[in-house]
file target_26.csv (CSV, C-alpha atoms)
chain,number,residue,atom,x,y,z
A,235,MET,CA,0.1,-37.4,-0.3
A,236,ASN,CA,3.8,-37.6,-0.2
A,237,ILE,CA,6.4,-35.2,-1.4
A,238,VAL,CA,10.2,-35.1,-1.1
A,239,ILE,CA,11.8,-32.0,0.4
A,240,ASP,CA,15.6,-32.0,0.5
A,241,GLY,CA,15.7,-35.7,0.2
A,242,LYS,CA,13.3,-36.2,3.1
A,243,THR,CA,9.9,-37.7,2.4
A,244,CYS,CA,7.2,-35.5,3.8
A,245,GLU,CA,3.6,-36.0,4.3
A,246,ALA,CA,1.5,-33.2,2.7
A,247,ARG,CA,-2.1,-32.3,3.1
A,248,PRO,CA,-4.3,-31.5,0.1
A,249,GLY,CA,-4.8,-27.7,-0.4
A,250,GLU,CA,-1.7,-26.9,1.6
A,251,TYR,CA,1.0,-24.6,0.4
A,252,LEU,CA,4.5,-25.9,0.1
A,253,TRP,CA,5.9,-23.5,2.7
A,254,ASP,CA,3.5,-24.9,5.3
A,255,THR,CA,4.2,-28.5,4.5
A,256,ALA,CA,8.0,-27.9,4.9
A,257,ARG,CA,7.5,-26.0,8.1
A,258,ARG,CA,5.3,-28.8,9.5
A,259,ASN,CA,7.9,-31.3,8.6
A,260,GLY,CA,10.7,-29.4,10.4
A,261,ILE,CA,12.2,-27.7,7.3
A,262,ASP,CA,12.4,-24.0,7.7
A,263,ILE,CA,12.3,-21.8,4.6
A,264,PRO,CA,13.0,-18.1,5.2
A,265,ALA,CA,10.1,-15.8,4.6
A,266,LEU,CA,9.3,-12.2,5.3
A,267,CYS,CA,5.9,-11.6,3.9
A,268,ARG,CA,4.6,-14.9,5.4
A,269,HIS,CA,3.7,-14.8,9.0
A,270,ASP,CA,2.1,-17.5,11.2
A,271,ALA,CA,-1.0,-15.4,11.4
A,272,LEU,CA,-1.1,-14.3,7.8
A,273,PRO,CA,-1.1,-16.2,4.5
A,274,GLY,CA,1.9,-15.8,2.2
A,275,ARG,CA,1.7,-13.1,-0.5
A,276,GLY,CA,4.7,-14.1,-2.6
A,277,CYS,CA,6.1,-10.6,-2.5
A,278,CYS,CA,9.3,-10.9,-0.5
A,279,ARG,CA,10.5,-13.8,-2.7
A,280,LEU,CA,12.8,-15.1,0.1
A,281,CYS,CA,10.9,-18.4,0.3
A,282,ILE,CA,11.9,-19.4,-3.3
A,283,VAL,CA,12.8,-23.1,-3.7
A,284,GLU,CA,13.7,-25.3,-6.6
A,285,ASN,CA,11.2,-27.8,-8.0
A,286,GLU,CA,12.6,-30.8,-9.8
A,287,ASN,CA,10.4,-32.4,-12.4
A,288,ALA,CA,10.3,-36.0,-13.6
A,289,VAL,CA,13.2,-35.6,-16.2
A,290,GLY,CA,15.4,-33.8,-13.6
A,291,SER,CA,15.1,-30.2,-14.8
A,292,ARG,CA,14.6,-27.6,-12.1
A,293,SER,CA,12.5,-24.5,-11.9
A,294,VAL,CA,12.4,-21.8,-9.2
A,295,ILE,CA,9.1,-21.5,-7.4
A,296,VAL,CA,7.7,-19.4,-4.6
A,297,SER,CA,6.9,-21.8,-1.8
A,298,CYS,CA,4.5,-19.7,0.3
A,299,VAL,CA,2.0,-19.5,-2.5
A,300,PHE,CA,2.7,-22.8,-4.3
A,301,PRO,CA,0.0,-25.5,-3.7
A,302,VAL,CA,1.4,-28.9,-3.1
A,303,THR,CA,0.7,-31.8,-5.5
A,304,GLU,CA,1.6,-35.5,-5.4
A,305,GLY,CA,5.2,-36.4,-6.0
A,306,LEU,CA,6.9,-33.0,-5.9
A,307,LYS,CA,10.6,-33.0,-5.5
A,308,ILE,CA,11.8,-29.9,-3.8
A,309,HIS,CA,15.3,-28.4,-3.0
A,310,THR,CA,15.2,-25.6,-0.5
A,311,ARG,CA,18.9,-25.0,0.0
A,312,SER,CA,20.5,-25.7,-3.4
A,313,GLU,CA,23.5,-23.6,-4.4
A,314,LYS,CA,21.4,-21.7,-6.9
A,315,ILE,CA,18.7,-20.9,-4.3
A,316,ILE,CA,21.2,-19.7,-1.8
A,317,ARG,CA,22.7,-17.4,-4.4
A,318,PHE,CA,19.3,-16.0,-5.3
A,319,ARG,CA,18.4,-15.5,-1.7
A,320,ARG,CA,21.6,-13.6,-1.1
A,321,ILE,CA,20.8,-11.3,-4.0
A,322,LEU,CA,17.2,-10.8,-2.7
A,323,LEU,CA,18.5,-10.0,0.8
A,324,LYS,CA,21.1,-7.6,-0.6
A,325,LEU,CA,18.4,-5.7,-2.4
A,326,LEU,CA,16.1,-5.7,0.6
A,327,ILE,CA,18.8,-4.5,3.0
A,328,GLU,CA,20.0,-1.9,0.6
A,329,ARG,CA,16.4,-0.6,0.3
A,330,ALA,CA,15.9,-0.6,4.1
A,331,PRO,CA,19.4,-0.3,5.6
A,332,GLN,CA,18.1,0.6,9.1
A,333,ALA,CA,16.0,-2.6,9.3
A,334,GLU,CA,16.0,-4.6,12.4
A,335,GLY,CA,14.4,-7.9,13.4
A,336,VAL,CA,13.9,-10.9,11.2
A,337,LEU,CA,15.4,-9.4,8.1
A,338,LEU,CA,18.6,-8.6,9.9
A,339,ASP,CA,18.7,-12.2,11.3
A,340,TYR,CA,18.4,-13.6,7.7
A,341,CYS,CA,21.1,-11.1,6.5
A,342,ARG,CA,23.5,-12.4,9.2
A,343,GLU,CA,22.7,-16.0,8.4
A,344,TYR,CA,23.3,-15.5,4.7
A,345,GLY,CA,26.3,-13.2,5.2
A,346,VAL,CA,24.8,-10.2,3.5
A,347,ALA,CA,25.3,-6.6,4.6
A,348,GLY,CA,24.1,-3.2,3.1
A,349,ASN,CA,24.2,0.4,4.0
A,350,GLY,CA,21.9,1.9,1.4
A,351,GLU,CA,24.7,3.1,-0.9
A,352,LEU,CA,23.4,1.0,-3.7
A,353,PHE,CA,20.3,3.1,-4.1
A,354,ASN,CA,22.0,6.2,-2.9
A,355,ASP,CA,19.0,7.6,-1.0
A,356,ASN,CA,16.5,6.8,1.8
A,357,THR,CA,19.3,5.6,4.1
A,358,ASN,CA,16.9,5.9,7.1
A,359,GLU,CA,14.4,3.5,5.6
A,360,LYS,CA,13.3,0.4,7.6
A,361,CYS,CA,10.3,-0.7,5.6
A,362,ILE,CA,10.5,-3.4,2.9
A,363,LEU,CA,6.8,-3.1,1.9
A,364,CYS,CA,6.0,-6.7,2.7
A,365,ASN,CA,2.4,-5.7,3.6
A,366,ARG,CA,2.3,-7.7,6.8
A,367,CYS,CA,1.2,-4.7,8.8
A,368,SER,CA,-1.6,-3.6,6.5
A,369,ARG,CA,-2.8,-7.2,6.2
A,370,ALA,CA,-2.8,-7.7,10.0
A,371,CYS,CA,-4.8,-4.6,10.4
A,372,GLN,CA,-7.2,-5.7,7.8
A,373,GLU,CA,-7.6,-9.2,9.3
A,374,LEU,CA,-8.4,-7.7,12.7
A,375,GLY,CA,-11.1,-5.8,11.0
A,376,ASN,CA,-9.9,-2.2,11.3
A,377,SER,CA,-8.0,-1.4,8.2
A,378,ALA,CA,-6.5,1.7,9.7
A,379,ILE,CA,-3.4,1.6,7.5
A,380,GLN,CA,-2.7,0.7,4.0
A,381,VAL,CA,0.1,0.8,1.4
A,382,THR,CA,-0.5,4.1,-0.4
A,383,GLN,CA,1.0,5.8,-3.4
A,384,ARG,CA,2.7,3.7,-6.1
A,385,GLY,CA,6.0,2.7,-7.6
A,386,ILE,CA,9.0,4.2,-5.9
A,387,ASP,CA,6.9,6.4,-3.7
A,388,LYS,CA,5.0,3.5,-2.2
A,389,ILE,CA,4.6,3.9,1.5
A,390,VAL,CA,2.6,2.4,4.3
A,391,ALA,CA,0.4,5.2,5.8
A,392,SER,CA,-2.7,6.1,7.6
A,393,PRO,CA,-5.3,8.0,5.5
A,394,PHE,CA,-4.0,11.4,4.5
A,395,ASN,CA,-1.1,10.7,6.8
A,396,GLU,CA,-3.2,11.9,9.7
A,397,PRO,CA,-4.1,10.0,12.9
A,398,SER,CA,-6.6,7.4,11.6
A,399,PRO,CA,-10.1,7.3,13.2
A,400,ASP,CA,-10.1,3.6,12.7
A,401,CYS,CA,-6.9,2.9,14.6
A,402,ILE,CA,-7.5,1.3,18.0
A,403,GLY,CA,-3.8,1.3,19.0
A,404,CYS,CA,-3.5,-2.5,19.2
A,405,ALA,CA,0.0,-2.4,17.8
A,406,ALA,CA,-0.6,-5.6,15.9
A,407,CYS,CA,1.1,-3.9,12.9
A,408,ALA,CA,4.3,-3.2,14.9
A,409,ARG,CA,4.3,-6.8,16.3
A,410,VAL,CA,4.1,-8.5,12.9
A,411,CYS,CA,6.6,-6.2,11.2
A,412,PRO,CA,9.7,-8.2,10.2
A,413,THR,CA,12.0,-5.2,10.2
A,414,GLY,CA,10.9,-3.1,13.2
A,415,ALA,CA,9.8,-0.3,10.9
A,416,ILE,CA,6.7,0.8,12.7
A,417,ALA,CA,7.4,3.3,15.5
A,418,CYS,CA,5.4,2.4,18.6
A,419,THR,CA,6.3,4.0,21.9
A,420,ASP,CA,4.9,2.6,25.1
A,421,THR,CA,5.0,4.2,28.5
A,422,ARG,CA,3.1,3.1,31.6
A,423,GLU,CA,0.4,5.6,30.8
A,424,GLN,CA,0.4,6.0,27.0
A,425,ARG,CA,1.1,4.4,23.7
A,426,THR,CA,1.9,6.4,20.6
A,427,ILE,CA,1.6,4.8,17.2
A,428,TRP,CA,0.8,6.2,13.7
A,429,ASN,CA,0.8,9.8,15.1
A,430,LYS,CA,-2.0,8.9,17.5
A,431,THR,CA,-1.8,8.7,21.3
A,432,PHE,CA,-3.8,6.2,23.3
A,433,GLU,CA,-4.4,5.9,27.1
A,434,MET,CA,-3.3,2.5,28.5
A,435,VAL,CA,-5.6,0.4,30.7
A,436,LYS,CA,-3.9,-1.3,33.6
A,437,CYS,CA,-4.6,-4.8,34.9
A,438,ALA,CA,-7.0,-4.8,37.9
A,439,GLU,CA,-4.7,-7.3,39.6
A,440,CYS,CA,-1.0,-6.7,38.8
A,441,GLY,CA,-1.4,-3.1,37.6
A,442,LYS,CA,0.6,-3.7,34.4
A,443,PRO,CA,-0.7,-1.7,31.4
A,444,PHE,CA,-1.9,-4.3,28.9
A,445,ALA,CA,-4.2,-2.7,26.3
A,446,THR,CA,-5.5,0.6,25.1
A,447,ALA,CA,-9.0,1.8,26.1
A,448,GLU,CA,-10.0,1.8,22.4
A,449,GLU,CA,-8.9,-1.7,22.0
A,450,LEU,CA,-11.0,-2.9,24.9
A,451,GLU,CA,-13.9,-0.9,23.6
A,452,TRP,CA,-13.6,-2.6,20.3
A,453,MET,CA,-13.5,-6.0,21.9
A,454,LYS,CA,-16.4,-5.4,24.1
A,455,PRO,CA,-19.2,-6.6,21.8
A,456,LYS,CA,-17.2,-9.6,20.7
A,457,ILE,CA,-16.4,-11.1,24.1
A,458,LEU,CA,-18.6,-12.9,26.7
A,459,ASP,CA,-18.3,-11.8,30.3
A,460,PHE,CA,-16.5,-8.7,29.2
A,461,GLU,CA,-16.2,-7.2,32.7
A,462,SER,CA,-14.6,-10.3,34.3
A,463,ASN,CA,-12.5,-11.3,31.3
A,464,LEU,CA,-11.0,-8.0,30.2
A,465,ALA,CA,-10.2,-6.3,33.5
A,466,TYR,CA,-7.0,-8.4,33.7
A,467,CYS,CA,-3.9,-8.7,31.6
A,468,PRO,CA,-3.6,-12.0,29.7
A,469,ARG,CA,-1.4,-13.5,32.5
A,470,CYS,CA,-3.7,-12.7,35.4
A,471,ARG,CA,-6.7,-13.6,33.3
A,472,GLY,CA,-5.3,-17.1,32.8
A,473,ARG,CA,-4.8,-17.5,36.5
A,474,HIS,CA,-8.4,-16.3,37.1
A,475,VAL,CA,-9.8,-18.8,34.7
A,476,ALA,CA,-7.7,-21.6,36.1
A,477,ASN,CA,-8.8,-20.7,39.7
A,478,SER,CA,-12.5,-20.6,38.8
A,479,ALA,CA,-12.2,-23.9,37.0
A,480,MET,CA,-10.7,-25.5,40.1
A,481,VAL,CA,-13.5,-24.5,42.4
B,240,MET,CA,-14.6,23.1,-6.0
B,241,ILE,CA,-16.3,21.4,-3.1
B,242,LEU,CA,-19.8,20.0,-3.8
B,243,LYS,CA,-22.9,20.9,-1.8
B,244,GLU,CA,-24.1,18.1,0.4
B,245,GLU,CA,-27.2,17.4,-1.7
B,246,ARG,CA,-25.2,17.2,-4.9
B,247,LEU,CA,-22.7,14.8,-3.4
B,248,THR,CA,-25.5,12.6,-2.0
B,249,GLN,CA,-27.2,12.7,-5.4
B,250,LEU,CA,-24.0,11.7,-7.1
B,251,LEU,CA,-23.3,8.9,-4.7
B,252,GLN,CA,-26.8,7.5,-4.9
B,253,LYS,CA,-26.4,6.8,-8.6
B,254,PHE,CA,-24.4,3.8,-7.4
B,255,PRO,CA,-25.3,0.9,-5.1
B,256,PRO,CA,-23.4,1.3,-1.7
B,257,GLU,CA,-20.9,-1.4,-2.6
B,258,ARG,CA,-17.2,-1.4,-2.4
B,259,ARG,CA,-16.7,-2.5,-6.0
B,260,GLN,CA,-18.3,0.7,-7.2
B,261,SER,CA,-15.5,2.8,-5.6
B,262,LEU,CA,-13.5,3.5,-8.7
B,263,ALA,CA,-16.5,4.7,-10.6
B,264,VAL,CA,-17.6,6.9,-7.7
B,265,PHE,CA,-14.2,8.5,-7.4
B,266,GLN,CA,-14.1,9.1,-11.1
B,267,ASP,CA,-17.4,10.8,-11.0
B,268,ILE,CA,-16.4,13.0,-8.1
B,269,GLN,CA,-13.2,14.0,-9.9
B,270,GLN,CA,-15.1,14.7,-13.0
B,271,GLU,CA,-17.4,17.1,-11.1
B,272,CYS,CA,-14.8,18.8,-8.9
B,273,GLY,CA,-11.7,18.5,-11.0
B,274,TYR,CA,-10.0,16.8,-8.1
B,275,LEU,CA,-10.8,14.7,-5.1
B,276,PRO,CA,-11.5,16.8,-2.0
B,277,LYS,CA,-10.6,15.1,1.3
B,278,GLU,CA,-14.1,15.4,2.8
B,279,HIS,CA,-15.6,13.8,-0.3
B,280,ILE,CA,-13.3,10.8,-0.1
B,281,ILE,CA,-14.3,10.4,3.5
B,282,GLU,CA,-18.0,10.7,2.7
B,283,ALA,CA,-17.7,8.3,-0.3
B,284,ALA,CA,-15.8,5.7,1.7
B,285,ARG,CA,-18.5,5.8,4.3
B,286,TYR,CA,-21.2,5.4,1.7
B,287,LEU,CA,-19.4,2.5,0.0
B,288,LYS,CA,-18.8,0.8,3.3
B,289,MET,CA,-15.1,0.6,2.7
B,290,PRO,CA,-12.3,1.5,5.2
B,291,LEU,CA,-11.0,4.9,4.7
B,292,ALA,CA,-7.4,3.6,4.5
B,293,GLU,CA,-8.3,1.5,1.5
B,294,ALA,CA,-10.1,4.4,-0.2
B,295,TYR,CA,-7.0,6.5,0.4
B,296,ALA,CA,-4.7,3.8,-0.9
B,297,MET,CA,-6.8,3.6,-4.1
B,298,VAL,CA,-7.0,7.3,-4.9
B,299,THR,CA,-3.2,7.7,-4.3
B,300,PHE,CA,-2.5,4.6,-6.5
B,301,TYR,CA,-4.1,5.9,-9.7
B,302,ARG,CA,-2.3,8.7,-11.3
B,303,SER,CA,-5.4,10.1,-12.9
B,304,PHE,CA,-6.8,11.0,-9.5
B,305,SER,CA,-5.6,14.2,-7.9
B,306,LEU,CA,-5.9,15.1,-4.2
B,307,ASP,CA,-5.0,18.7,-4.9
B,308,PRO,CA,-7.1,21.3,-6.7
B,309,ARG,CA,-6.3,21.5,-10.3
B,310,GLY,CA,-6.6,24.2,-12.9
B,311,LYS,CA,-9.6,24.9,-15.2
B,312,TYR,CA,-7.5,23.5,-18.1
B,313,VAL,CA,-5.6,20.3,-17.3
B,314,ILE,CA,-2.9,19.9,-19.9
B,315,LYS,CA,-1.8,16.2,-20.0
B,316,VAL,CA,1.4,15.9,-22.0
B,317,CYS,CA,2.1,12.4,-23.2
B,318,ASP,CA,5.5,11.0,-22.2
B,319,GLY,CA,5.0,7.5,-23.7
B,320,THR,CA,7.7,5.9,-25.8
B,321,ALA,CA,6.7,7.4,-29.1
B,322,CYS,CA,6.2,10.9,-27.8
B,323,HIS,CA,9.4,10.6,-25.7
B,324,ILE,CA,11.6,9.8,-28.7
B,325,LYS,CA,9.9,12.6,-30.6
B,326,ASN,CA,11.2,15.0,-28.0
B,327,VAL,CA,8.3,15.7,-25.8
B,328,GLN,CA,10.8,17.2,-23.3
B,329,GLY,CA,11.2,20.1,-25.7
B,330,ARG,CA,7.5,20.7,-25.7
B,331,LEU,CA,7.5,20.5,-21.9
B,332,ASP,CA,10.2,23.1,-21.8
B,333,CYS,CA,8.1,25.2,-24.1
B,334,LEU,CA,5.1,24.9,-21.7
B,335,LYS,CA,7.5,25.8,-18.8
B,336,ARG,CA,8.6,28.9,-20.7
B,337,ILE,CA,5.1,30.1,-21.3
B,338,LEU,CA,3.2,29.0,-18.2
B,339,ASN,CA,6.2,28.7,-15.8
B,340,LEU,CA,4.8,25.3,-14.7
B,341,ASP,CA,6.6,22.0,-14.2
B,342,PRO,CA,4.7,18.8,-14.6
B,343,GLY,CA,2.4,18.3,-11.6
B,344,GLU,CA,2.0,22.0,-10.9
B,345,THR,CA,-1.0,24.3,-11.1
B,346,ASP,CA,-0.7,28.1,-11.6
B,347,LYS,CA,-1.8,30.4,-8.9
B,348,ASP,CA,-4.9,31.6,-10.8
B,349,GLY,CA,-6.2,28.1,-11.0
B,350,LEU,CA,-6.3,28.2,-14.8
B,351,PHE,CA,-3.7,25.7,-15.9
B,352,THR,CA,-2.3,22.4,-14.6
B,353,VAL,CA,0.5,20.6,-16.5
B,354,GLU,CA,0.9,16.9,-16.0
B,355,THR,CA,2.7,14.1,-17.8
B,356,VAL,CA,1.0,10.8,-18.5
B,357,SER,CA,2.5,7.6,-19.7
B,358,CYS,CA,0.5,7.2,-22.9
B,359,LEU,CA,-2.5,8.8,-24.4
B,360,GLY,CA,-3.0,6.1,-26.9
B,361,ALA,CA,-2.5,8.3,-29.9
B,362,CYS,CA,1.1,7.5,-30.9
B,363,ALA,CA,0.4,8.0,-34.6
B,364,ILE,CA,0.2,11.8,-34.0
B,365,SER,CA,3.0,12.0,-31.5
B,366,PRO,CA,4.0,14.2,-29.7
B,367,VAL,CA,0.5,14.5,-28.2
B,368,MET,CA,-1.0,16.5,-25.5
B,369,LYS,CA,-4.6,16.7,-24.2
B,370,VAL,CA,-6.3,19.8,-22.8
B,371,ASN,CA,-9.2,18.6,-20.8
B,372,ASP,CA,-10.9,16.4,-23.4
B,373,VAL,CA,-9.4,17.7,-26.6
B,374,TYR,CA,-6.4,16.0,-28.2
B,375,TYR,CA,-3.7,18.0,-30.0
B,376,GLY,CA,-1.2,16.0,-32.1
B,377,ASN,CA,2.0,16.6,-34.0
B,378,LEU,CA,2.9,19.3,-31.6
B,379,THR,CA,5.4,22.0,-32.4
B,380,GLU,CA,6.3,24.9,-30.3
B,381,GLU,CA,4.3,27.2,-32.6
B,382,LYS,CA,1.3,25.0,-32.1
B,383,ILE,CA,1.5,25.1,-28.4
B,384,TYR,CA,1.7,28.9,-28.5
B,385,GLU,CA,-1.4,29.0,-30.6
B,386,ILE,CA,-3.4,26.6,-28.4
B,387,LEU,CA,-2.5,28.5,-25.3
B,388,ALA,CA,-3.2,31.8,-26.9
B,389,ASP,CA,-6.6,30.6,-27.9
B,390,LEU,CA,-7.4,29.5,-24.4
B,391,TYR,CA,-6.2,32.8,-23.0
B,392,ARG,CA,-8.3,34.7,-25.5
B,393,LYS,CA,-11.4,32.6,-24.6
B,394,GLU,CA,-10.8,33.4,-20.9
B,395,MET,CA,-10.3,37.1,-21.7
B,396,MET,CA,-13.6,37.2,-23.6
B,397,LYS,CA,-15.4,35.8,-20.6
B,398,ALA,CA,-13.9,38.2,-18.2
call {"tool": "encode", "arguments": {"input": "target_26.csv", "output": "structure tokens"}}
result
Amino acid sequence: MNIVIDGKTCEARPGEYLWDTARRNGIDIPALCRHDALPGRGCCRLCIVENENAVGSRSVIVSCVFPVTEGLKIHTRSEKIIRFRRILLKLLIERAPQAEGVLLDYCREYGVAGNGELFNDNTNEKCILCNRCSRACQELGNSAIQVTQRGIDKIVASPFNEPSPDCIGCAACARVCPTGAIACTDTREQRTIWNKTFEMVKCAECGKPFATAEELEWMKPKILDFESNLAYCPRCRGRHVANSAMV
Amino acid sequence: MILKEERLTQLLQKFPPERRQSLAVFQDIQQECGYLPKEHIIEAARYLKMPLAEAYAMVTFYRSFSLDPRGKYVIKVCDGTACHIKNVQGRLDCLKRILNLDPGETDKDGLFTVETVSCLGACAISPVMKVNDVYYGNLTEEKIYEILADLYRKEMMKA
């Protein structure tokens, strides 16, 4: 199946979303709620593109949740789309003026800046409620955090805003966050995240802290040769596997 | 009011232990307790086999659930479009004068809670308020005085 993106003919696979097709064909569409490990959710709206139909009229669609069909004609950087994206970025950065990471990169790329004056409050906010963190936690099987409350009070939180019994301190939420909104402090001995403190486990070889005790405990039933595999950090583990393969 | 363990178990076992039952379960608990006590949410989530974070997200999403104890009489004042333009704010001010409660607050005796809701579905008799399960329409300040006086009288008789 072939579709045309920005004048380039791209090969698309049935059942694929437009965003993925573009990405695979070397066309990057900005996205915040979409992550390589998580499906799009269509809530950050940054991945909007224009879809041109047979008679030449165009409509704006959300590419991360738009299934590809034969003969699509897509414009990802038209003047209108750029204008829309700038507005969206402006609203996001005004909501979360302290944001870091990917959102800030996009803002620089599109020449947008904000300091929270538009909404007049929450100038310390970093979160844009893209749900990446809660979905990552869900996908990993813990669901320790969720988007709670509603409307303007919406906030990502652990149950009752207390340390969650389900949290294993894997920090996947902090890693997928596009704005650096999740506070995670690592020292050599401890990690603190979501008001909960975890002891770090050190690699048996290089001594680098690489996981929390709870995280390893949680992985234990899921991994073969637990003792030999999870005593080492990912780097040393790779070397061990390679060495044993050589013998 | 926190339920006894047997009563909660009895209540939970009316439903199959499936996640899709969660809304009905929480509604029943709220009906019985007047609000959702934290320990009951934890217990219900365990019974329904759903993550606690999701149960918490659900009960904080719906406005009709309350995580704080509420009064014996929950006064829900409609602030939908029809009631709004018929000056529901004046009626709220009236409630504030009598009970000294703003929307969302409960008095220290645990007798009254005042809340605003988005629509009670009775716009024809707006402005409307609901005291527990009884609707009162075409509200005037006099009417509010009367309703509250009746409730107070009822409580006095019991005491």
call {"tool": "interface_residues", "arguments": {"input": "target_26.csv", "of": "chain A", "to": "chain B", "cutoff": "12 Å", "atoms": "only C-alpha atoms", "output": "compact mmCIF listing (two decimals) with C-alpha atoms, in the coordinates of the input"}}
result
# COMPACT_ATOMS: atom_id res chain seq x y z
CA SER A 368 -1.60 -3.60 6.50
CA ARG A 369 -2.80 -7.20 6.20
CA CYS A 371 -4.80 -4.60 10.40
CA GLN A 372 -7.20 -5.70 7.80
CA GLY A 375 -11.10 -5.80 11.00
CA ASN A 376 -9.90 -2.20 11.30
CA SER A 377 -8.00 -1.40 8.20
CA ALA A 378 -6.50 1.70 9.70
CA ILE A 379 -3.40 1.60 7.50
CA GLN A 380 -2.70 0.70 4.00
CA VAL A 381 0.10 0.80 1.40
CA THR A 382 -0.50 4.10 -0.40
CA GLN A 383 1.00 5.80 -3.40
CA ARG A 384 2.70 3.70 -6.10
CA GLY A 385 6.00 2.70 -7.60
CA ILE A 386 9.00 4.20 -5.90
CA ASP A 387 6.90 6.40 -3.70
CA LYS A 388 5.00 3.50 -2.20
CA ILE A 389 4.60 3.90 1.50
CA VAL A 390 2.60 2.40 4.30
CA ALA A 391 0.40 5.20 5.80
CA SER A 392 -2.70 6.10 7.60
CA PRO A 393 -5.30 8.00 5.50
CA PHE A 394 -4.00 11.40 4.50
CA ASN A 395 -1.10 10.70 6.80
CA GLU A 396 -3.20 11.90 9.70
CA PRO A 397 -4.10 10.00 12.90
CA SER A 398 -6.60 7.40 11.60
CA PRO A 399 -10.10 7.30 13.20
CA ASP A 400 -10.10 3.60 12.70
CA CYS A 401 -6.90 2.90 14.60
call {"tool": "atom_distance", "arguments": {"input": "target_26.csv", "atom1": "atom CA of Glu394 of chain B", "atom2": "atom CA of Leu350 of chain B"}}
result
9.2 Å
call {"tool": "atom_distance", "arguments": {"input": "target_26.csv", "atom1": "atom CA of Gly349 of chain B", "atom2": "atom CA of Asn371 of chain B"}}
result
14.0 Å
call {"tool": "closest_residue", "arguments": {"input": "target_26.csv", "among": "A:Phe432, A:Trp253, A:Phe353, A:Tyr344", "to": "Glu448 of chain A", "atoms": "all atoms listed in the file"}}
result
A:Phe432
call {"tool": "residues_around", "arguments": {"input": "target_26.csv", "residues": "segment 283-288 of chain B", "least_positions_apart": "3", "cutoff": "10 Å", "atoms": "all atoms listed in the file", "output": "list of chain:residue names"}}
result
B:Leu247, B:Thr248, B:Leu250, B:Leu251, B:Gln252, B:Phe254, B:Pro255, B:Pro256, B:Glu257, B:Arg258, B:Arg259, B:Gln260, B:Ser261, B:Val264, B:Phe265, B:Ile268, B:Lys277, B:Glu278, B:His279, B:Ile280, B:Leu291, B:Ala292, B:Glu293, B:Ala294, B:Tyr295
call {"tool": "residues_around", "arguments": {"input": "target_26.csv", "residues": "Val289 of chain A", "least_positions_apart": "4", "cutoff": "12 Å", "atoms": "all atoms listed in the file", "output": "PyMOL selection string"}}
result
chain A and resi 285+293+307
call {"tool": "residues_around", "arguments": {"input": "target_26.csv", "residues": "Ile364 of chain B", "least_positions_apart": "5", "cutoff": "10 Å", "atoms": "only C-alpha atoms", "output": "PyMOL selection string"}}
result
chain B and resi 321-322+374-378
call {"tool": "atom_distance", "arguments": {"input": "target_26.csv", "atom1": "atom CA of Gly360 of chain B", "atom2": "atom CA of Asn339 of chain B"}}
result
26.8 Å
call {"tool": "closest_residue", "arguments": {"input": "target_26.csv", "among": "A:Cys277, A:Val283, A:Ala265, A:Cys467", "to": "Gly441 of chain A", "atoms": "all atoms listed in the file"}}
result
A:Cys467
call {"tool": "closest_residue", "arguments": {"input": "target_26.csv", "among": "B:Lys315, B:Arg392, B:Met368, B:Phe304", "to": "Phe351 of chain B", "atoms": "all atoms listed in the file"}}
result
B:Lys315
call {"tool": "residues_near_point", "arguments": {"input": "target_26.csv", "point": "(21.6, 0.3, -4.4)", "cutoff": "12 Å", "atoms": "only C-alpha atoms", "output": "list in words"}}
result
Ile321, Leu323, Lys324, Leu325, Leu326, Ile327, Glu328, Arg329, Ala330, Pro331, Ala347, Gly348, Asn349, Gly350, Glu351, Leu352, Phe353, Asn354, Asp355, Asn356 and Thr357 of chain A
call {"tool": "residues_around", "arguments": {"input": "target_26.csv", "residues": "Ile337 of chain B", "least_positions_apart": "5", "cutoff": "12 Å", "atoms": "all atoms listed in the file", "output": "NGL selection string"}}
result
:B and (330-332 or 346 or 351 or 353 or 380-381 or 383-388 or 391)
call {"tool": "write_last_selection", "arguments": {"input": "target_26.csv", "atoms": "C-alpha atoms", "output": "CSV table (one decimal), keeping the file's coordinate frame"}}
result
chain,number,residue,atom,x,y,z
B,330,ARG,CA,7.5,20.7,-25.7
B,331,LEU,CA,7.5,20.5,-21.9
B,332,ASP,CA,10.2,23.1,-21.8
B,346,ASP,CA,-0.7,28.1,-11.6
B,351,PHE,CA,-3.7,25.7,-15.9
B,353,VAL,CA,0.5,20.6,-16.5
B,380,GLU,CA,6.3,24.9,-30.3
B,381,GLU,CA,4.3,27.2,-32.6
B,383,ILE,CA,1.5,25.1,-28.4
B,384,TYR,CA,1.7,28.9,-28.5
B,385,GLU,CA,-1.4,29.0,-30.6
B,386,ILE,CA,-3.4,26.6,-28.4
B,387,LEU,CA,-2.5,28.5,-25.3
B,388,ALA,CA,-3.2,31.8,-26.9
B,391,TYR,CA,-6.2,32.8,-23.0
call {"tool": "closest_residue", "arguments": {"input": "target_26.csv", "among": "A:Glu359, A:Glu313, A:Glu304, A:Glu373", "to": "Cys407 of chain A", "atoms": "all atoms listed in the file"}}
result
A:Glu373
call {"tool": "closest_residue", "arguments": {"input": "target_26.csv", "among": "B:Val356, B:Leu334, B:Val373, B:Met395", "to": "Asp318 of chain B", "atoms": "all atoms listed in the file"}}
result
B:Val356
call {"tool": "residues_around", "arguments": {"input": "target_26.csv", "residues": "Arg268 of chain A", "least_positions_apart": "3", "cutoff": "12 Å", "atoms": "only C-alpha atoms", "output": "PyMOL selection string"}}
result
chain A and resi 251+253-254+257+263-265+271-281+296-299+336+364-367+369-370+410-412
